[in-house]
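Engineer: Sharing a structure with you now.
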Amino acid sequence: MATIGNGPHPLVQMLGLDLHWGRIVTDRFMRVPGQEHVWALGDAALIPLNDNPQEDPVDYATQTAQFAVREGYQLAANIMASFKDQKLKPFAYTSKGSLASLGMSKAVADVYGFKLSGVLAWLLWRGFYLSFLPGFAAKFRVGINWLLNSVMPPNLVQLRMLPPATRYIHFWKGDRVFEPGMLIDGFYTVINGAFKLTIDNPDTSEHFEKVFGPGEHFGERVLVKSELRTGLVEALEDGLLLFIAQKDFTRFARAFPFLDKYFTDYIEKTFGGTDKAFAPGSSNQQPGSPAQPKPELAKTR
Ligand SMILES: Cc1cc2nc3c(=O)[nH]c(=O)nc-3n(C[C@H](O)[C@H](O)[C@H](O)COP(=O)(O)OP(=O)(O)OC[C@H]3O[C@@H](n4cnc5c(N)ncnc54)[C@H](O)[C@@H]3O)c2cc1C
């Protein structure tokens with residue numbers, strides 16, 4: 001038995017939009033009330049299915065791909081209609097049922113109220129997923145593959161194609177290394193070039209900038225946080241970074257107490273503490289120059 005939940009990404013909480021049950025509130029057309037040109041759909045959105053929705057999940061589009069795909073079509077049509085000053089269409093969809101594969105060529109199905117199980121349900125399940133593959137070529141290739149696999153066992157091949165956890169990455173001038181909202185991935189050391197970190201605190205309107213040159217590093221807050229990036233780092237000139245993936249960097253730093261201490265002190269000195277994004281008053285710092293003392297700390301969400 002698997003109990004797997006699905007829910008909005010933490011980023012949704014950071015958008016400052018009205019939320020209900022953790023989802024972005026929309027009207028029946030998938031517009032976000034009180035915002036211009038902002039729409040929401042899918043798991044992250046709470047889309048009413050009638051004009052008088054109650055505090056009952058059945059009055060809202062469910063968080064399934066079945067709904068999300070239809071919402072996508074309807075939202076695209078509504079955006080087009082809004083450009084052309086045409087009437088928008090409210091989202092409406094009734095689930096056709098559900099299918100679940102049980103493995104060993106067996107499945108269960110509840111389609112238009114008809115309940116099926118066994119091989120017939122499994123064929124229906126396969127046919128349904130095949131129909132959703134984009135384009136004839138993909139459908140044909142997968143269909144033939146499934147057919148062959150049913151009479152001949154598939155060849156099993158294991159390929160380890162993960163990129164090395166530590167690698168050099170080249171950036172051209174103007175390239176973005178990461179930006180706010182991206183998942184924290186690892187730690188970066190500058191081999192050559194110059195990279196600028198900018199953090200804008202939306203709560204306090206404070207602005208922080210720091211330029212990193214050869215031998216300096218950024219992204220060390222992966223040691224204390226595993227959330228989303230709050231800063232933007234861009235290349236001021238062509239440059240090379242050494243990247244270490246979060247897990248490996250954390251293991252490495254934790255294995256050497258002096259490294260752990262170095263980074264903890266660095267985070268304290270540069271950002272004013274583990275739960276702070278930055279401290280004001282340290283802007284325009286040049287590569288190699290010592291960190292400025294921080295008069296006051298800015299707390300981010
Ligand atoms: C285990 C499981 C089984 C499921 N089975 C079914 C099923 O059989 N039938 C069914 O109808 N539904 C099923 N669902 C539900 C279905 O998967 C979701 O309802 C559907 O995928 C929602 O689509 P979405 O586009 O809203 O979100 P998602 O499909 O979650 O897409 C969001 C995308 O945004 C990306 N993203 C997130 N943060 C960032 C960021 N900061 N920057 C850039 N990209 C970002 C994510 O990587 C992801 O690709 C299942 C869900 C789970 C978890």
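Chain labels run A, B, ... following the order of the structure tokens; each chain numbers its residues from 1, and ligands are numbered from 1 in the order shown.
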Just the residues within 10 Å of stretch 44-50 of chain A, please, counting only C-alpha atoms, with nothing from its chain fewer than 5 positions along; format it as JSON, numbers by chain.
Structural biologist: {"A": [6, 7, 8, 9, 10, 11, 12, 13, 19, 20, 21, 22, 23, 24, 25, 26, 27, 28, 29, 30, 31, 32, 39, 57, 58, 59, 60, 61, 62, 63, 68, 71, 90, 91, 92, 93, 94]}
Engineer: Export, as a PDB file, in the first residue's frame, the selected residues with C-alpha atoms.
Structural biologist:
ATOM      1  CA  ASN A   6       0.442  15.715  -3.610  1.00  0.00           C
ATOM      2  CA  GLY A   7       0.342  19.394  -2.877  1.00  0.00           C
ATOM      3  CA  PRO A   8       1.512  22.801  -3.973  1.00  0.00           C
ATOM      4  CA  HIS A   9       5.199  23.563  -4.128  1.00  0.00           C
ATOM      5  CA  PRO A  10       6.545  25.754  -1.231  1.00  0.00           C
ATOM      6  CA  LEU A  11       7.144  28.435  -3.871  1.00  0.00           C
ATOM      7  CA  VAL A  12       3.358  28.932  -4.030  1.00  0.00           C
ATOM      8  CA  GLN A  13       3.420  30.166  -0.408  1.00  0.00           C
ATOM      9  CA  LEU A  19      -4.360  30.883  -0.615  1.00  0.00           C
ATOM     10  CA  HIS A  20      -6.999  28.486   0.640  1.00  0.00           C
ATOM     11  CA  TRP A  21      -6.103  24.940   1.718  1.00  0.00           C
ATOM     12  CA  GLY A  22      -2.582  25.944   0.592  1.00  0.00           C
ATOM     13  CA  ARG A  23      -3.731  26.476  -3.009  1.00  0.00           C
ATOM     14  CA  ILE A  24      -4.013  29.671  -5.047  1.00  0.00           C
ATOM     15  CA  VAL A  25      -7.591  30.923  -5.063  1.00  0.00           C
ATOM     16  CA  THR A  26      -8.985  31.462  -8.570  1.00  0.00           C
ATOM     17  CA  ASP A  27     -12.356  32.279 -10.097  1.00  0.00           C
ATOM     18  CA  ARG A  28     -14.125  29.857 -12.439  1.00  0.00           C
ATOM     19  CA  PHE A  29     -12.056  31.156 -15.365  1.00  0.00           C
ATOM     20  CA  MET A  30      -8.778  30.378 -13.508  1.00  0.00           C
ATOM     21  CA  ARG A  31      -7.983  34.063 -13.024  1.00  0.00           C
ATOM     22  CA  VAL A  32      -6.441  35.032  -9.693  1.00  0.00           C
ATOM     23  CA  TRP A  39      -3.807  32.803 -13.789  1.00  0.00           C
ATOM     24  CA  PRO A  57     -13.452  19.650  -1.897  1.00  0.00           C
ATOM     25  CA  VAL A  58     -16.097  18.288  -4.319  1.00  0.00           C
ATOM     26  CA  ASP A  59     -16.902  21.893  -5.263  1.00  0.00           C
ATOM     27  CA  TYR A  60     -13.359  22.350  -6.608  1.00  0.00           C
ATOM     28  CA  ALA A  61     -11.256  20.776  -9.360  1.00  0.00           C
ATOM     29  CA  THR A  62      -9.412  17.794  -7.903  1.00  0.00           C
ATOM     30  CA  GLN A  63      -5.611  17.608  -7.826  1.00  0.00           C
ATOM     31  CA  ALA A  68      -4.811  19.458 -14.816  1.00  0.00           C
ATOM     32  CA  GLU A  71      -7.448  22.970 -17.159  1.00  0.00           C
ATOM     33  CA  PRO A  90     -15.570  28.790 -16.946  1.00  0.00           C
ATOM     34  CA  PHE A  91     -13.682  25.593 -16.264  1.00  0.00           C
ATOM     35  CA  ALA A  92     -15.963  22.570 -16.150  1.00  0.00           C
ATOM     36  CA  TYR A  93     -15.051  18.920 -16.208  1.00  0.00           C
ATOM     37  CA  THR A  94     -16.565  15.763 -14.803  1.00  0.00           C
TER      38      THR A  94
END
Engineer: What's around A:Ser98 at 9 Å? Count only C-alpha atoms, leave out sequence neighbours fewer than 6 positions away in its own chain, and write the answer as a PyMOL selection string.
Structural biologist: chain A and resi 108-111
Engineer: According to DSSP computed on the backbone, where in stretch 103-164 of chain A is there alpha helix (DSSP H)? Give the residues as a PyMOL selection string.
Structural biologist: chain A and resi 119-132+136-151
Engineer: What are the closest atom pairs, with distances in Å to one decimal, for all residues of chain A lying within 6 Å of ligand 1? Consider only C-alpha atoms and all ligand atoms, order rows by chain and residue number, and present the result as CSV.
Structural biologist:
residue,atom,partner,partner_atom_place_in_ligand_line,distance
A:Ile4,CA,ligand 1,1 (C),5.7
A:Gly5,CA,ligand 1,53 (C),6.0
A:Asn6,CA,ligand 1,53 (C),5.1
A:Gly42,CA,ligand 1,26 (O),3.1
A:Asp43,CA,ligand 1,26 (O),3.9
A:Ala44,CA,ligand 1,26 (O),5.8
A:Gln63,CA,ligand 1,19 (O),4.3
A:Thr64,CA,ligand 1,19 (O),3.1
A:Ala65,CA,ligand 1,11 (O),3.5
A:Gln66,CA,ligand 1,11 (O),3.9
A:Ala68,CA,ligand 1,23 (O),5.3
A:Gly181,CA,ligand 1,41 (N),4.9
A:Met182,CA,ligand 1,41 (N),4.5
A:Leu183,CA,ligand 1,41 (N),6.0
Engineer: Just how far from atom CA of A:Phe67 is atom CA of A:Ile144, in Å to one decimal?
Structural biologist: 28.5 Å
Engineer: Report the closest atom pair, with its distance in Å rounded to one decimal, for each residue of stretch 77-174 of chain A that has an atom no farther than 10 Å from stretch 195-212 of chain A; count only C-alpha atoms, sort by chain and then rising residue number, and write it as JSON lines.
Structural biologist:
{"residue": "A:Phe171", "atom": "CA", "partner": "A:Phe195", "partner_atom": "CA", "distance": 9.5}
{"residue": "A:Lys173", "atom": "CA", "partner": "A:Phe195", "partner_atom": "CA", "distance": 9.1}
{"residue": "A:Gly174", "atom": "CA", "partner": "A:Phe195", "partner_atom": "CA", "distance": 9.4}
Engineer: Contacts of A:Lys106 at 10 Å or less, counting only C-alpha atoms, minus same-chain residues fewer than 5 places along, as a PDB file with C-alpha atoms, in the first residue's frame?
Structural biologist:
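File produced: result27.pdb:
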ATOM      1  CA  ALA A 100      -5.070   1.754 -11.499  1.00  0.00           C
ATOM      2  CA  SER A 101      -2.573  -0.799 -12.696  1.00  0.00           C
ATOM      3  CA  SER A 117     -10.867  -5.678 -13.051  1.00  0.00           C
ATOM      4  CA  GLY A 118      -8.228  -8.048 -14.405  1.00  0.00           C
ATOM      5  CA  VAL A 119      -6.751  -8.173 -17.910  1.00  0.00           C
ATOM      6  CA  LEU A 120      -9.562  -6.182 -19.551  1.00  0.00           C
ATOM      7  CA  ALA A 121      -9.048  -3.299 -17.114  1.00  0.00           C
ATOM      8  CA  TRP A 122      -5.304  -3.510 -17.707  1.00  0.00           C
ATOM      9  CA  LEU A 123      -5.768  -3.264 -21.519  1.00  0.00           C
ATOM     10  CA  TRP A 125      -5.418   1.321 -18.717  1.00  0.00           C
TER      11      TRP A 125
END
Engineer: Ranking A:Met14, A:Leu159, A:Val69, A:Ala40 by minimum distance to A:Phe132 and counting only C-alpha atoms, which one comes first?
Structural biologist: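 That would be A:Val69, the residue with the smallest distance to A:Phe132.
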Engineer: Identify all residues of stretch 12-228 of chain A in strand (DSSP E or B) (DSSP on the backbone) and supply them as an mmCIF file with N, CA and C atoms, in the first residue's frame.
Structural biologist:
data_model
loop_
_atom_site.group_PDB
_atom_site.id
_atom_site.type_symbol
_atom_site.label_atom_id
_atom_site.label_comp_id
_atom_site.auth_asym_id
_atom_site.auth_seq_id
_atom_site.Cartn_x
_atom_site.Cartn_y
_atom_site.Cartn_z
ATOM 1 N N LEU A 19 -4.391 32.350 -0.617
ATOM 2 C CA LEU A 19 -4.360 30.883 -0.615
ATOM 3 C C LEU A 19 -5.518 30.348 0.220
ATOM 4 N N HIS A 20 -6.014 29.196 -0.162
ATOM 5 C CA HIS A 20 -6.999 28.486 0.640
ATOM 6 C C HIS A 20 -6.638 27.013 0.537
ATOM 7 N N ARG A 23 -3.710 26.338 -1.547
ATOM 8 C CA ARG A 23 -3.731 26.476 -3.009
ATOM 9 C C ARG A 23 -4.148 27.892 -3.400
ATOM 10 N N ILE A 24 -3.722 28.307 -4.592
ATOM 11 C CA ILE A 24 -4.013 29.671 -5.047
ATOM 12 C C ILE A 24 -5.492 29.775 -5.422
ATOM 13 N N VAL A 25 -6.155 30.742 -4.812
ATOM 14 C CA VAL A 25 -7.591 30.923 -5.063
ATOM 15 C C VAL A 25 -7.777 31.506 -6.467
ATOM 16 N N ARG A 31 -8.686 32.804 -13.285
ATOM 17 C CA ARG A 31 -7.983 34.063 -13.024
ATOM 18 C C ARG A 31 -7.773 34.182 -11.519
ATOM 19 N N TRP A 39 -2.908 33.948 -13.686
ATOM 20 C CA TRP A 39 -3.807 32.803 -13.789
ATOM 21 C C TRP A 39 -3.179 31.653 -13.010
ATOM 22 N N ALA A 45 -3.626 25.234 -7.800
ATOM 23 C CA ALA A 45 -4.762 26.159 -7.877
ATOM 24 C C ALA A 45 -6.018 25.562 -7.247
ATOM 25 N N LEU A 46 -6.863 26.447 -6.711
ATOM 26 C CA LEU A 46 -8.157 26.035 -6.173
ATOM 27 C C LEU A 46 -9.219 26.621 -7.110
ATOM 28 N N PRO A 48 -12.929 26.727 -8.549
ATOM 29 C CA PRO A 48 -14.304 26.312 -8.232
ATOM 30 C C PRO A 48 -14.995 25.700 -9.449
ATOM 31 N N TYR A 60 -14.565 21.827 -5.952
ATOM 32 C CA TYR A 60 -13.359 22.350 -6.608
ATOM 33 C C TYR A 60 -12.724 21.267 -7.477
ATOM 34 N N GLY A 97 -13.781 8.756 -14.481
ATOM 35 C CA GLY A 97 -13.558 7.568 -13.670
ATOM 36 C C GLY A 97 -12.106 7.444 -13.269
ATOM 37 N N SER A 98 -11.712 6.272 -12.850
ATOM 38 C CA SER A 98 -10.304 6.093 -12.477
ATOM 39 C C SER A 98 -9.804 4.696 -12.843
ATOM 40 N N LEU A 99 -8.508 4.645 -13.065
ATOM 41 C CA LEU A 99 -7.851 3.399 -13.464
ATOM 42 C C LEU A 99 -6.607 3.227 -12.610
ATOM 43 N N ALA A 100 -6.327 1.995 -12.228
ATOM 44 C CA ALA A 100 -5.070 1.754 -11.499
ATOM 45 C C ALA A 100 -4.496 0.419 -11.917
ATOM 46 N N SER A 101 -3.236 0.448 -12.308
ATOM 47 C CA SER A 101 -2.573 -0.799 -12.696
ATOM 48 C C SER A 101 -2.104 -1.517 -11.441
ATOM 49 N N LEU A 102 -2.294 -2.829 -11.409
ATOM 50 C CA LEU A 102 -1.862 -3.606 -10.250
ATOM 51 C C LEU A 102 -0.612 -4.415 -10.571
ATOM 52 N N GLY A 103 -0.133 -4.339 -11.828
ATOM 53 C CA GLY A 103 1.022 -5.132 -12.246
ATOM 54 C C GLY A 103 0.556 -6.511 -12.687
ATOM 55 N N LYS A 106 -2.637 -6.897 -14.733
ATOM 56 C CA LYS A 106 -3.952 -6.759 -14.084
ATOM 57 C C LYS A 106 -4.145 -5.306 -13.644
ATOM 58 N N ALA A 107 -5.375 -4.880 -13.669
ATOM 59 C CA ALA A 107 -5.684 -3.519 -13.227
ATOM 60 C C ALA A 107 -7.118 -3.474 -12.721
ATOM 61 N N VAL A 108 -7.453 -2.342 -12.109
ATOM 62 C CA VAL A 108 -8.862 -2.114 -11.726
ATOM 63 C C VAL A 108 -9.299 -0.822 -12.396
ATOM 64 N N ALA A 109 -10.581 -0.764 -12.756
ATOM 65 C CA ALA A 109 -11.076 0.421 -13.457
ATOM 66 C C ALA A 109 -12.503 0.734 -13.020
ATOM 67 N N ASP A 110 -12.766 2.027 -12.986
ATOM 68 C CA ASP A 110 -14.132 2.495 -12.733
ATOM 69 C C ASP A 110 -14.370 3.568 -13.789
ATOM 70 N N VAL A 111 -14.979 3.174 -14.899
ATOM 71 C CA VAL A 111 -15.122 4.092 -16.033
ATOM 72 C C VAL A 111 -16.604 4.328 -16.307
ATOM 73 N N PHE A 114 -18.879 2.066 -14.672
ATOM 74 C CA PHE A 114 -18.705 0.619 -14.872
ATOM 75 C C PHE A 114 -17.415 0.169 -14.184
ATOM 76 N N LYS A 115 -17.537 -0.859 -13.370
ATOM 77 C CA LYS A 115 -16.353 -1.348 -12.656
ATOM 78 C C LYS A 115 -15.789 -2.584 -13.365
ATOM 79 N N LEU A 116 -14.492 -2.559 -13.609
ATOM 80 C CA LEU A 116 -13.826 -3.670 -14.288
ATOM 81 C C LEU A 116 -12.585 -4.047 -13.506
ATOM 82 N N SER A 117 -12.151 -5.288 -13.650
ATOM 83 C CA SER A 117 -10.867 -5.678 -13.051
ATOM 84 C C SER A 117 -10.233 -6.777 -13.902
ATOM 85 N N GLY A 118 -8.931 -6.989 -13.677
ATOM 86 C CA GLY A 118 -8.228 -8.048 -14.405
ATOM 87 C C GLY A 118 -7.615 -7.553 -15.700
ATOM 88 N N THR A 166 30.851 16.570 -8.435
ATOM 89 C CA THR A 166 31.742 17.726 -8.450
ATOM 90 C C THR A 166 32.188 17.955 -9.889
ATOM 91 N N ARG A 167 31.933 19.153 -10.404
ATOM 92 C CA ARG A 167 32.281 19.389 -11.811
ATOM 93 C C ARG A 167 32.528 20.873 -12.062
ATOM 94 N N TYR A 168 33.260 21.112 -13.151
ATOM 95 C CA TYR A 168 33.485 22.495 -13.560
ATOM 96 C C TYR A 168 32.331 22.924 -14.462
ATOM 97 N N ILE A 169 31.856 24.144 -14.265
ATOM 98 C CA ILE A 169 30.799 24.663 -15.145
ATOM 99 C C ILE A 169 31.255 26.019 -15.672
ATOM 100 N N HIS A 170 31.193 26.153 -16.993
ATOM 101 C CA HIS A 170 31.598 27.412 -17.607
ATOM 102 C C HIS A 170 30.388 28.317 -17.780
ATOM 103 N N PHE A 171 30.555 29.593 -17.483
ATOM 104 C CA PHE A 171 29.472 30.564 -17.679
ATOM 105 C C PHE A 171 29.969 31.695 -18.566
ATOM 106 N N ARG A 176 23.077 33.372 -15.959
ATOM 107 C CA ARG A 176 22.630 33.285 -14.566
ATOM 108 C C ARG A 176 23.013 31.924 -13.990
ATOM 109 N N VAL A 177 23.690 31.937 -12.857
ATOM 110 C CA VAL A 177 24.059 30.670 -12.216
ATOM 111 C C VAL A 177 22.824 30.107 -11.517
ATOM 112 N N PHE A 178 22.134 30.973 -10.768
ATOM 113 C CA PHE A 178 20.820 30.621 -10.215
ATOM 114 C C PHE A 178 20.071 31.897 -9.925
ATOM 115 N N LEU A 183 15.547 25.684 -6.828
ATOM 116 C CA LEU A 183 15.898 24.780 -5.733
ATOM 117 C C LEU A 183 17.393 24.894 -5.453
ATOM 118 N N GLY A 186 23.657 23.229 -4.689
ATOM 119 C CA GLY A 186 25.008 22.937 -4.238
ATOM 120 C C GLY A 186 25.827 24.184 -3.954
ATOM 121 N N PHE A 187 27.120 23.958 -3.912
ATOM 122 C CA PHE A 187 28.084 24.972 -3.477
ATOM 123 C C PHE A 187 29.015 25.301 -4.655
ATOM 124 N N TYR A 188 29.372 26.564 -4.797
ATOM 125 C CA TYR A 188 30.172 26.982 -5.943
ATOM 126 C C TYR A 188 31.455 27.693 -5.483
ATOM 127 N N THR A 189 32.574 27.359 -6.111
ATOM 128 C CA THR A 189 33.824 28.082 -5.890
ATOM 129 C C THR A 189 34.227 28.717 -7.221
ATOM 130 N N VAL A 190 34.668 29.975 -7.161
ATOM 131 C CA VAL A 190 35.052 30.657 -8.397
ATOM 132 C C VAL A 190 36.494 30.266 -8.753
ATOM 133 N N ILE A 191 36.665 29.692 -9.945
ATOM 134 C CA ILE A 191 38.011 29.348 -10.425
ATOM 135 C C ILE A 191 38.572 30.559 -11.182
ATOM 136 N N ASN A 192 37.779 31.100 -12.081
ATOM 137 C CA ASN A 192 38.138 32.386 -12.672
ATOM 138 C C ASN A 192 36.889 33.137 -13.108
ATOM 139 N N PHE A 195 31.572 36.906 -10.382
ATOM 140 C CA PHE A 195 30.147 36.567 -10.293
ATOM 141 C C PHE A 195 29.499 37.465 -9.237
ATOM 142 N N LYS A 196 28.331 37.999 -9.586
ATOM 143 C CA LYS A 196 27.681 38.931 -8.649
ATOM 144 C C LYS A 196 26.440 38.294 -8.033
ATOM 145 N N LEU A 197 26.388 38.353 -6.700
ATOM 146 C CA LEU A 197 25.197 37.889 -5.974
ATOM 147 C C LEU A 197 24.349 39.112 -5.633
ATOM 148 N N THR A 198 23.070 39.056 -5.945
ATOM 149 C CA THR A 198 22.143 40.137 -5.586
ATOM 150 C C THR A 198 20.983 39.523 -4.831
ATOM 151 N N ILE A 199 20.659 40.105 -3.688
ATOM 152 C CA ILE A 199 19.473 39.643 -2.948
ATOM 153 C C ILE A 199 18.605 40.858 -2.659
ATOM 154 N N ASP A 200 17.343 40.765 -3.032
ATOM 155 C CA ASP A 200 16.390 41.819 -2.705
ATOM 156 C C ASP A 200 15.398 41.247 -1.717
ATOM 157 N N HIS A 207 18.480 45.749 -0.127
ATOM 158 C CA HIS A 207 19.170 45.257 -1.303
ATOM 159 C C HIS A 207 20.604 44.911 -0.911
ATOM 160 N N PHE A 208 21.070 43.750 -1.356
ATOM 161 C CA PHE A 208 22.422 43.321 -1.003
ATOM 162 C C PHE A 208 23.143 42.871 -2.266
ATOM 163 N N GLU A 209 24.389 43.271 -2.388
ATOM 164 C CA GLU A 209 25.190 42.846 -3.538
ATOM 165 C C GLU A 209 26.565 42.405 -3.053
ATOM 166 N N LYS A 210 27.098 41.398 -3.675
ATOM 167 C CA LYS A 210 28.480 41.013 -3.362
ATOM 168 C C LYS A 210 29.078 40.384 -4.612
ATOM 169 N N VAL A 211 30.304 40.788 -4.922
ATOM 170 C CA VAL A 211 30.982 40.239 -6.104
ATOM 171 C C VAL A 211 32.011 39.213 -5.636
ATOM 172 N N PHE A 212 32.003 38.050 -6.285
ATOM 173 C CA PHE A 212 32.926 36.975 -5.926
ATOM 174 C C PHE A 212 33.962 36.803 -7.034
ATOM 175 N N HIS A 217 33.775 31.946 -2.798
ATOM 176 C CA HIS A 217 32.731 30.928 -2.988
ATOM 177 C C HIS A 217 31.365 31.489 -2.624
ATOM 178 N N PHE A 218 30.323 30.809 -3.093
ATOM 179 C CA PHE A 218 28.949 31.139 -2.711
ATOM 180 C C PHE A 218 28.111 29.859 -2.721
ATOM 181 N N LEU A 228 14.590 27.159 -1.081
ATOM 182 C CA LEU A 228 14.739 27.748 -2.410
ATOM 183 C C LEU A 228 15.745 28.890 -2.346
#
Engineer: Using only C-alpha atoms, which of A:Pro154, A:Leu41, A:Gln86, A:Glu237 sits nearest A:Gln74?
Structural biologist: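 Closest candidate: A:Leu41.
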